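Here's entry32.cif, which has mmCIF, C-alpha atoms:
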```
data_my_file
loop_
_atom_site.label_atom_id
_atom_site.label_comp_id
_atom_site.auth_asym_id
_atom_site.auth_seq_id
_atom_site.Cartn_x
_atom_site.Cartn_y
_atom_site.Cartn_z
CA MET A 112 12.63 -4.55 -2.33
CA SER A 113 12.04 -3.14 -5.79
CA SER A 114 10.52 -5.57 -8.24
CA SER A 115 10.89 -3.47 -11.36
CA VAL A 116 13.60 -1.26 -12.85
CA ARG A 117 14.00 0.99 -15.87
CA MET A 118 17.33 0.80 -17.61
CA LYS A 119 19.03 2.47 -20.57
CA GLY A 120 21.63 0.94 -22.82
CA ARG A 121 23.04 1.06 -26.34
CA THR A 122 20.56 -1.62 -27.41
CA THR A 123 17.48 -3.10 -25.74
CA GLU A 124 19.52 -6.28 -25.22
CA GLU A 125 22.20 -4.41 -23.29
CA ALA A 126 19.66 -2.47 -21.25
CA THR A 127 17.88 -5.71 -20.34
CA LYS A 128 21.16 -7.31 -19.34
CA SER A 129 22.07 -4.57 -16.90
CA ALA A 130 18.51 -4.58 -15.49
CA LEU A 131 18.80 -8.31 -14.81
CA GLU A 132 22.03 -7.66 -12.91
CA VAL A 133 20.31 -5.08 -10.72
CA LEU A 134 17.37 -7.40 -10.03
CA LYS A 135 19.66 -10.41 -9.67
CA ALA A 136 17.23 -12.35 -11.82
CA GLY A 137 17.40 -14.66 -14.83
CA ARG A 138 15.90 -13.84 -18.24
CA ASP A 139 12.98 -16.26 -17.70
CA GLU A 140 12.08 -14.72 -14.33
CA VAL A 141 11.08 -11.34 -15.74
CA ASP A 142 8.77 -9.52 -18.15
CA VAL A 143 10.48 -6.97 -20.38
CA ARG A 144 8.68 -3.94 -21.79
CA VAL A 145 10.53 -1.91 -24.39
CA ILE A 146 10.09 1.81 -23.77
CA SER A 147 12.38 3.01 -26.54
CA GLU A 148 14.17 0.99 -29.24
CA GLY A 149 16.89 3.61 -29.42
CA GLU A 150 18.66 4.80 -32.57
CA GLN A 151 21.96 3.74 -33.97
CA ALA A 152 24.56 6.51 -34.18
CA VAL A 153 25.60 7.63 -37.65
CA LEU A 154 29.08 6.25 -38.44
CA GLY A 155 29.05 5.05 -34.87
CA VAL A 156 29.73 8.61 -33.69
CA PHE A 157 27.03 11.19 -34.41
CA GLY A 158 23.64 11.31 -32.73
CA GLY A 159 22.09 8.05 -31.66
CA LYS A 160 19.73 7.48 -28.78
CA ASP A 161 19.84 5.03 -25.95
CA ALA A 162 17.38 2.19 -25.86
CA GLU A 163 15.27 1.95 -22.71
CA VAL A 164 13.48 -1.00 -21.17
CA GLU A 165 11.37 -1.68 -18.12
CA VAL A 166 12.12 -5.03 -16.54
CA LYS A 167 9.70 -6.44 -14.00
CA LEU A 168 9.95 -9.56 -11.89
CA LYS A 169 7.20 -12.00 -12.85
CA THR A 170 4.55 -12.43 -10.19
CA SER A 171 1.71 -14.90 -10.12
CA VAL A 172 -1.88 -13.69 -10.56
CA ALA A 173 -2.58 -14.70 -6.93
CA GLU A 174 0.39 -12.73 -5.56
CA GLU A 175 -0.43 -9.71 -7.72
CA ALA A 176 -4.13 -9.87 -6.73
CA LYS A 177 -3.21 -10.02 -3.05
CA ASN A 178 -0.97 -6.95 -3.33
CA VAL A 179 -3.51 -4.96 -5.36
CA LEU A 180 -6.35 -5.79 -2.95
CA GLN A 181 -4.23 -4.80 0.05
CA ASP A 182 -3.29 -1.51 -1.66
CA ILE A 183 -6.97 -0.72 -2.36
CA LEU A 184 -8.13 -1.55 1.18
CA ASP A 185 -5.31 0.52 2.72
CA ARG A 186 -6.23 3.54 0.59
CA ALA A 187 -9.93 3.09 1.41
CA GLY A 188 -9.11 3.36 5.11
CA HIS A 189 -9.93 -0.24 5.96
CA ILE A 190 -7.73 -1.77 8.62
CA SER A 191 -7.20 -5.18 7.14
CA GLN A 192 -4.92 -8.00 6.14
CA VAL A 193 -5.24 -9.97 2.90
CA TYR A 194 -4.32 -13.65 2.60
CA VAL A 195 -4.10 -15.99 -0.38
CA GLN A 196 -6.41 -18.76 0.74
CA ASP A 197 -6.21 -20.99 -2.31
CA ASP A 198 -4.41 -20.87 -5.62
CA THR A 199 -5.37 -23.43 -8.26
CA ALA A 200 -4.86 -23.50 -12.02
CA GLU A 201 -8.18 -21.69 -12.60
CA THR A 202 -8.90 -19.71 -9.44
CA ALA A 203 -7.04 -17.57 -6.92
CA SER A 204 -9.03 -17.16 -3.70
CA LEU A 205 -8.30 -14.27 -1.37
CA GLU A 206 -9.58 -13.79 2.16
CA ILE A 207 -9.72 -10.44 3.95
CA LYS A 208 -9.39 -10.16 7.72
CA ALA A 209 -10.82 -6.76 8.61
CA ASP A 210 -11.60 -4.78 11.77
CA ASP A 211 -14.96 -3.82 10.27
CA PRO A 212 -16.06 -6.71 8.00
CA ALA A 213 -19.57 -5.30 7.42
CA ARG A 214 -18.14 -2.26 5.66
CA VAL A 215 -15.77 -4.34 3.52
CA ILE A 216 -18.63 -6.65 2.52
CA GLY A 217 -21.23 -3.94 1.86
CA LYS A 218 -24.96 -4.31 1.38
CA ASP A 219 -25.69 -7.78 0.01
CA GLY A 220 -21.95 -8.19 -0.64
CA ALA A 221 -21.87 -5.27 -3.10
CA THR A 222 -18.52 -3.90 -1.96
CA LEU A 223 -16.99 -7.37 -1.97
CA SER A 224 -18.19 -7.91 -5.55
CA ALA A 225 -16.81 -4.53 -6.67
CA LEU A 226 -13.43 -5.28 -5.08
CA GLN A 227 -13.35 -8.71 -6.70
CA TYR A 228 -14.19 -7.28 -10.12
CA LEU A 229 -11.53 -4.54 -10.00
CA VAL A 230 -8.79 -6.75 -8.54
CA SER A 231 -9.52 -9.42 -11.15
CA ILE A 232 -9.06 -6.95 -14.03
CA ILE A 233 -5.91 -5.38 -12.60
CA ALA A 234 -4.18 -8.61 -11.52
CA ASN A 235 -4.83 -10.31 -14.88
CA ARG A 236 -3.55 -7.41 -16.98
CA GLY A 237 -0.80 -8.50 -19.35
CA LYS A 238 -0.78 -12.03 -17.95
CA GLU A 239 -0.68 -14.89 -20.43
CA GLN A 240 -2.44 -17.24 -18.05
CA LYS A 241 -5.61 -15.51 -16.83
CA LYS A 242 -7.27 -16.63 -13.64
CA ARG A 243 -10.58 -16.20 -11.86
CA VAL A 244 -10.07 -14.12 -8.73
CA GLU A 245 -12.39 -14.64 -5.76
CA VAL A 246 -12.47 -12.25 -2.81
CA ASP A 247 -14.08 -13.17 0.50
CA CYS A 248 -14.24 -11.53 3.91
CA GLY A 249 -14.96 -13.42 7.12
CA ALA A 250 -16.14 -16.32 4.92
CA TYR A 251 -19.22 -14.25 3.96
CA ARG A 252 -19.42 -15.68 0.46
CA LYS A 253 -18.89 -19.21 1.63
CA LYS A 254 -21.80 -18.88 4.05
CA GLN A 255 -23.88 -17.20 1.35
CA GLU A 256 -23.15 -20.13 -0.94
CA LYS A 257 -24.44 -22.55 1.68
CA ARG A 258 -27.60 -20.46 2.15
CA VAL A 259 -28.37 -20.40 -1.57
CA GLU A 260 -27.67 -24.11 -1.85
CA LYS A 261 -30.14 -24.77 0.95
CA ILE A 262 -32.82 -22.63 -0.73
CA ALA A 263 -32.26 -24.57 -3.97
CA ARG A 264 -32.67 -27.94 -2.24
CA GLU A 265 -35.80 -26.91 -0.36
CA THR A 266 -37.35 -25.44 -3.52
CA ALA A 267 -36.56 -28.62 -5.46
CA GLU A 268 -38.29 -30.68 -2.80
CA GLU A 269 -41.41 -28.51 -2.98
CA VAL A 270 -41.50 -28.72 -6.79
CA GLU A 271 -41.12 -32.48 -6.65
CA ILE A 272 -44.08 -32.82 -4.29
CA SER A 273 -46.43 -30.28 -5.92
CA GLY A 274 -45.43 -30.92 -9.52
CA LYS A 275 -45.59 -27.15 -10.10
CA GLU A 276 -42.74 -24.83 -10.97
CA ILE A 277 -41.47 -22.24 -8.51
CA GLU A 278 -39.94 -18.87 -9.30
CA LEU A 279 -37.08 -17.75 -7.05
CA PRO A 280 -36.38 -14.08 -6.27
CA PRO A 281 -33.85 -12.18 -8.46
CA MET A 282 -30.28 -13.31 -7.82
CA SER A 283 -26.73 -12.40 -8.83
CA PRO A 284 -25.03 -14.46 -11.57
CA ARG A 285 -22.98 -16.19 -8.92
CA GLU A 286 -26.05 -17.16 -6.87
CA ARG A 287 -27.89 -18.38 -9.95
CA ARG A 288 -24.93 -20.53 -10.86
CA ILE A 289 -25.05 -22.16 -7.44
CA VAL A 290 -28.78 -22.90 -7.84
CA HIS A 291 -28.28 -24.38 -11.32
CA MET A 292 -25.40 -26.54 -10.12
CA THR A 293 -27.38 -27.82 -7.15
CA ILE A 294 -30.48 -28.57 -9.27
CA LYS A 295 -28.38 -30.26 -11.96
CA GLU A 296 -27.59 -33.11 -9.59
CA MET A 297 -31.28 -33.85 -9.08
CA GLN A 298 -33.34 -36.44 -10.90
CA LYS A 299 -36.85 -35.01 -11.01
CA VAL A 300 -36.40 -31.25 -11.34
CA SER A 301 -34.61 -28.86 -13.70
CA SER A 302 -33.89 -25.14 -13.66
CA TYR A 303 -33.62 -22.21 -16.05
CA SER A 304 -33.29 -18.42 -15.82
CA VAL A 305 -35.66 -15.70 -17.00
CA GLY A 306 -35.65 -11.89 -16.91
CA ASP A 307 -33.01 -9.25 -17.58
CA LYS A 308 -30.01 -8.03 -15.63
CA GLU A 309 -31.00 -7.03 -12.07
CA ASN A 310 -34.25 -8.88 -12.44
CA ARG A 311 -32.86 -12.19 -13.69
CA ARG A 312 -34.14 -15.09 -11.63
CA VAL A 313 -34.22 -18.87 -11.60
CA ILE A 314 -37.28 -21.01 -12.16
CA VAL A 315 -37.26 -24.52 -10.76
CA ALA A 316 -39.57 -26.84 -12.71
CA PRO A 317 -40.51 -30.51 -12.70
CA LYS A 318 -38.57 -32.50 -15.31
CA LYS A 319 -40.74 -33.63 -18.18
CA SER A 320 -40.62 -37.37 -18.50
CA MET B 40 -10.18 9.46 -1.19
CA LYS B 41 -8.44 11.01 -4.16
CA GLU B 42 -5.51 8.67 -3.57
CA LEU B 43 -7.78 5.64 -3.77
CA VAL B 44 -9.26 6.71 -7.12
CA GLU B 45 -5.83 7.67 -8.40
CA TYR B 46 -4.46 4.24 -7.57
CA LEU B 47 -7.35 2.41 -9.26
CA VAL B 48 -7.33 4.56 -12.40
CA ARG B 49 -3.55 4.34 -12.87
CA ALA B 50 -3.72 0.55 -12.48
CA LEU B 51 -6.49 0.25 -15.08
CA VAL B 52 -5.29 2.45 -17.95
CA ASP B 53 -2.55 2.02 -20.55
CA LYS B 54 -1.25 5.57 -20.13
CA PRO B 55 -1.10 6.23 -16.39
CA GLU B 56 1.13 9.28 -16.89
CA GLN B 57 -1.79 11.01 -18.65
CA ALA B 58 -4.36 10.28 -15.92
CA GLN B 59 -5.47 13.26 -13.84
CA ILE B 60 -7.61 13.06 -10.74
CA SER B 61 -9.21 16.13 -9.21
CA GLN B 62 -11.10 16.60 -5.96
CA THR B 63 -13.72 19.28 -5.32
CA ASP B 64 -15.10 19.62 -1.81
CA GLY B 65 -18.57 21.11 -1.74
CA ASP B 66 -21.29 21.43 0.86
CA GLY B 67 -21.34 17.97 2.41
CA ILE B 68 -20.37 16.38 -0.86
CA THR B 69 -17.04 15.63 -2.50
CA ILE B 70 -16.69 15.23 -6.25
CA ILE B 71 -13.78 13.26 -7.62
CA GLY B 72 -13.12 13.91 -11.32
CA ILE B 73 -11.24 11.49 -13.56
CA LYS B 74 -9.49 12.60 -16.74
CA VAL B 75 -7.62 10.06 -18.86
CA ALA B 76 -6.23 9.77 -22.39
CA PRO B 77 -9.19 9.47 -24.83
CA GLU B 78 -8.25 5.88 -25.78
CA ASP B 79 -8.26 4.95 -22.06
CA THR B 80 -11.81 6.15 -21.37
CA GLY B 81 -13.30 2.69 -21.94
CA LYS B 82 -10.79 1.22 -19.49
CA VAL B 83 -12.21 3.28 -16.60
CA ILE B 84 -15.88 3.11 -17.61
CA GLY B 85 -16.17 -0.50 -18.77
CA LYS B 86 -18.97 -2.32 -20.51
CA GLU B 87 -22.28 -0.78 -19.44
CA GLY B 88 -20.35 1.25 -16.85
CA ARG B 89 -19.36 -1.82 -14.85
CA ILE B 90 -15.87 -0.60 -14.01
CA ILE B 91 -16.80 2.97 -13.02
CA ASN B 92 -19.67 1.60 -10.93
CA ALA B 93 -17.30 -0.78 -9.15
CA ILE B 94 -14.98 2.18 -8.45
CA ARG B 95 -17.97 4.13 -7.09
CA THR B 96 -18.98 1.27 -4.81
CA VAL B 97 -15.48 0.97 -3.34
CA VAL B 98 -15.19 4.75 -2.92
CA LYS B 99 -18.61 4.87 -1.24
CA SER B 100 -17.51 2.26 1.31
CA ALA B 101 -14.45 4.40 2.06
CA GLY B 102 -16.55 7.56 2.33
CA ALA B 103 -19.02 5.95 4.73
CA LYS B 104 -16.32 5.69 7.37
CA LEU B 105 -15.60 9.40 7.09
CA GLN B 106 -19.35 10.13 6.98
CA LYS B 107 -18.87 11.90 3.70
CA ARG B 108 -20.80 11.74 0.47
CA VAL B 109 -18.56 11.19 -2.49
CA THR B 110 -19.35 11.00 -6.19
CA VAL B 111 -16.97 9.93 -8.92
CA GLU B 112 -17.30 11.34 -12.43
CA VAL B 113 -15.39 10.69 -15.63
CA LEU B 114 -14.71 14.04 -17.23
CA ALA B 115 -14.84 13.71 -21.00
CA GLU B 116 -11.95 15.04 -23.01
CA GLU B 117 -13.08 17.89 -25.26
CA LYS B 118 -13.36 16.70 -28.82
CA ARG B 119 -10.90 18.31 -31.16
CA GLY B 120 -12.41 19.62 -34.38
#
```

So that I can check it, write out the structure of this file as structure tokens.
Amino acid sequence: MSSSVRMKGRTTEEATKSALEVLKAGRDEVDVRVISEGEQAVLGVFGGKDAEVEVKLKTSVAEEAKNVLQDILDRAGHISQVYVQDDTAETASLEIKADDPARVIGKDGATLSALQYLVSIIANRGKEQKKRVEVDCGAYRKKQEKRVEKIARETAEEVEISGKEIELPPMSPRERRIVHMTIKEMQKVSSYSVGDKENRRVIVAPKKS
Amino acid sequence: MKELVEYLVRALVDKPEQAQISQTDGDGITIIGIKVAPEDTGKVIGKEGRIINAIRTVVKSAGAKLQKRVTVEVLAEEKRG
């Protein structure tokens, strides 16, 4: 099924109307992009140019993200199937089932992060309502989240007992966020980040009372 | 491999009809060249190269399966005097 058509007509209005007939869609179900405004004929006879529009069925960010991710994985030679796992007002979560998850995930999740970044840009293009796109494979990120959360809790406990701050190894923005969120719930410790880019890391410190 | 880069680039830029992707196979290494409209260059490179690096990471994961080394380069449009 085609989800977008290009159509010519005397005016953009007319072109849009015939495109809607082809798509069997209502005006509020599509996005219209004007390719050419067209020109009115002189005296209604001489010259004049048709208007042209591209009419595309509206898709949600989640649906678009799923299609884009599947297209990328297919072209990268990954045998896989993409599912929309969750779709809330802020976040669309996608899960990949793959024959070779390790290769889709990459070293320390690098490939997964790259896929997520690209799909997020492409799926949000031209959308009024932008959404965070999360990409996971074999629940790798979910497990990672749990691991980081555990490290944060154990570190907090140590800081509480010793009264001395502890510096964690460099982490990705996502991992640091998890640490900060975990520490935020605690009474006696606080956290902050130091360092630049690749080297940015979290320090867990006793709360000053 | 070229198809993968072509798909990504066309999806990222404003003028997909002006995007050109080339592939050069050398000794154990494949170079994929990207040429886009000058105003689209930022759309494939990104802030601090984030987008082009993400493209490279995805391409590398595809190349690993074929046991091939692949690099992706953005070929700059010659400046017109």

**Q.** Exercise answer, chain A residues close to chain B, 10 Å and all atoms listed in the file, as a list of chain:residue names
**A.**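 Every residue of chain A that passes the 10 Å test is in A:Val179, A:Asp182, A:Ile183, A:Leu184, A:Asp185, A:Arg186, A:Ala187, A:Gly188, A:His189, A:Ala213, A:Arg214, A:Val215, A:Ile216, A:Gly217, A:Lys218, A:Ala221, A:Thr222, A:Leu223, A:Ser224, A:Ala225, A:Leu226, A:Gln227, A:Tyr228, A:Leu229, A:Val230, A:Ile232, A:Ile233, A:Ala234, A:Arg236.
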
Q | Point-to-point distance from atom CA of B:Ala58 to atom CA of A:Leu205, Å rounded to tenths | A | 28.8 Å

Q. Which of these, A:Val300, A:Val290, A:Val166, A:Ile314, has the shortest distance to A:Glu278 once you count all atoms listed in the file?
A.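 Of all the options, A:Ile314 lies closest to A:Glu278.
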
Taking all atoms of stretch 61-72 of chain B that the file lists, what box with edges along x, y and z, padded by 8 Å per side, do you get, with centre and edge lengths in Å to one decimal, as JSON?
```
{"center_x": -15.3, "center_y": 17.3, "center_z": -4.5, "size_x": 28.1, "size_y": 24.2, "size_z": 29.7}
```

Excluding A:Lys275 and its own-chain neighbours fewer than 4 positions away, which residues fall within 8 Å of it when counting all atoms listed in the file? Please give them as a PDB file with C-alpha atoms, in the frame of the given file.
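New file out-v2.pdb:
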```pdb
ATOM      1  CA  VAL A 270     -41.500 -28.720  -6.790  1.00  0.00           C
ATOM      2  CA  GLU A 271     -41.120 -32.480  -6.650  1.00  0.00           C
ATOM      3  CA  ALA A 316     -39.570 -26.840 -12.710  1.00  0.00           C
ATOM      4  CA  PRO A 317     -40.510 -30.510 -12.700  1.00  0.00           C
TER       5      PRO A 317
END
```

(Q) Counting all atoms listed in the file, which residue out of A:Arg264, A:Lys241, A:Arg285, A:Arg138 sits closest to A:Ala173? (A) A:Lys241

Q. Please, what distance in Å, to one decimal, runs between atom CA of A:Lys167 and atom CA of A:Val246?
A.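 These two atoms are separated by 25.5 Å.
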
(Q) Please report the interatomic distance between atom CA of A:Leu134 and atom CA of B:Glu56 in Å with one decimal. (A)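 We find that atom CA of A:Leu134 and atom CA of B:Glu56 lie 24.3 Å from each other.
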
Q | Ground truth for the PyMOL selection byres ((chain A and resi 159) around 12), written as a PyMOL selection string | A | chain A and resi 120-122+148-158+160-162

Can you give me, as a JSON list (two decimals) with C-alpha atoms, in the coordinates of the input, the residues this file yields under the PyMOL selection byres ((chain B and resi 78) around 12)?
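After the write, part30.json holds the following:
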```json
[["chain", "number", "residue", "atom", "x", "y", "z"],
["B", 52, "VAL", "CA", -5.29, 2.45, -17.95],
["B", 53, "ASP", "CA", -2.55, 2.02, -20.55],
["B", 54, "LYS", "CA", -1.25, 5.57, -20.13],
["B", 55, "PRO", "CA", -1.10, 6.23, -16.39],
["B", 57, "GLN", "CA", -1.79, 11.01, -18.65],
["B", 58, "ALA", "CA", -4.36, 10.28, -15.92],
["B", 74, "LYS", "CA", -9.49, 12.60, -16.74],
["B", 75, "VAL", "CA", -7.62, 10.06, -18.86],
["B", 76, "ALA", "CA", -6.23, 9.77, -22.39],
["B", 77, "PRO", "CA", -9.19, 9.47, -24.83],
["B", 79, "ASP", "CA", -8.26, 4.95, -22.06],
["B", 80, "THR", "CA", -11.81, 6.15, -21.37],
["B", 81, "GLY", "CA", -13.30, 2.69, -21.94],
["B", 82, "LYS", "CA", -10.79, 1.22, -19.49],
["B", 83, "VAL", "CA", -12.21, 3.28, -16.60],
["B", 84, "ILE", "CA", -15.88, 3.11, -17.61],
["B", 115, "ALA", "CA", -14.84, 13.71, -21.00],
["B", 116, "GLU", "CA", -11.95, 15.04, -23.01]]
```
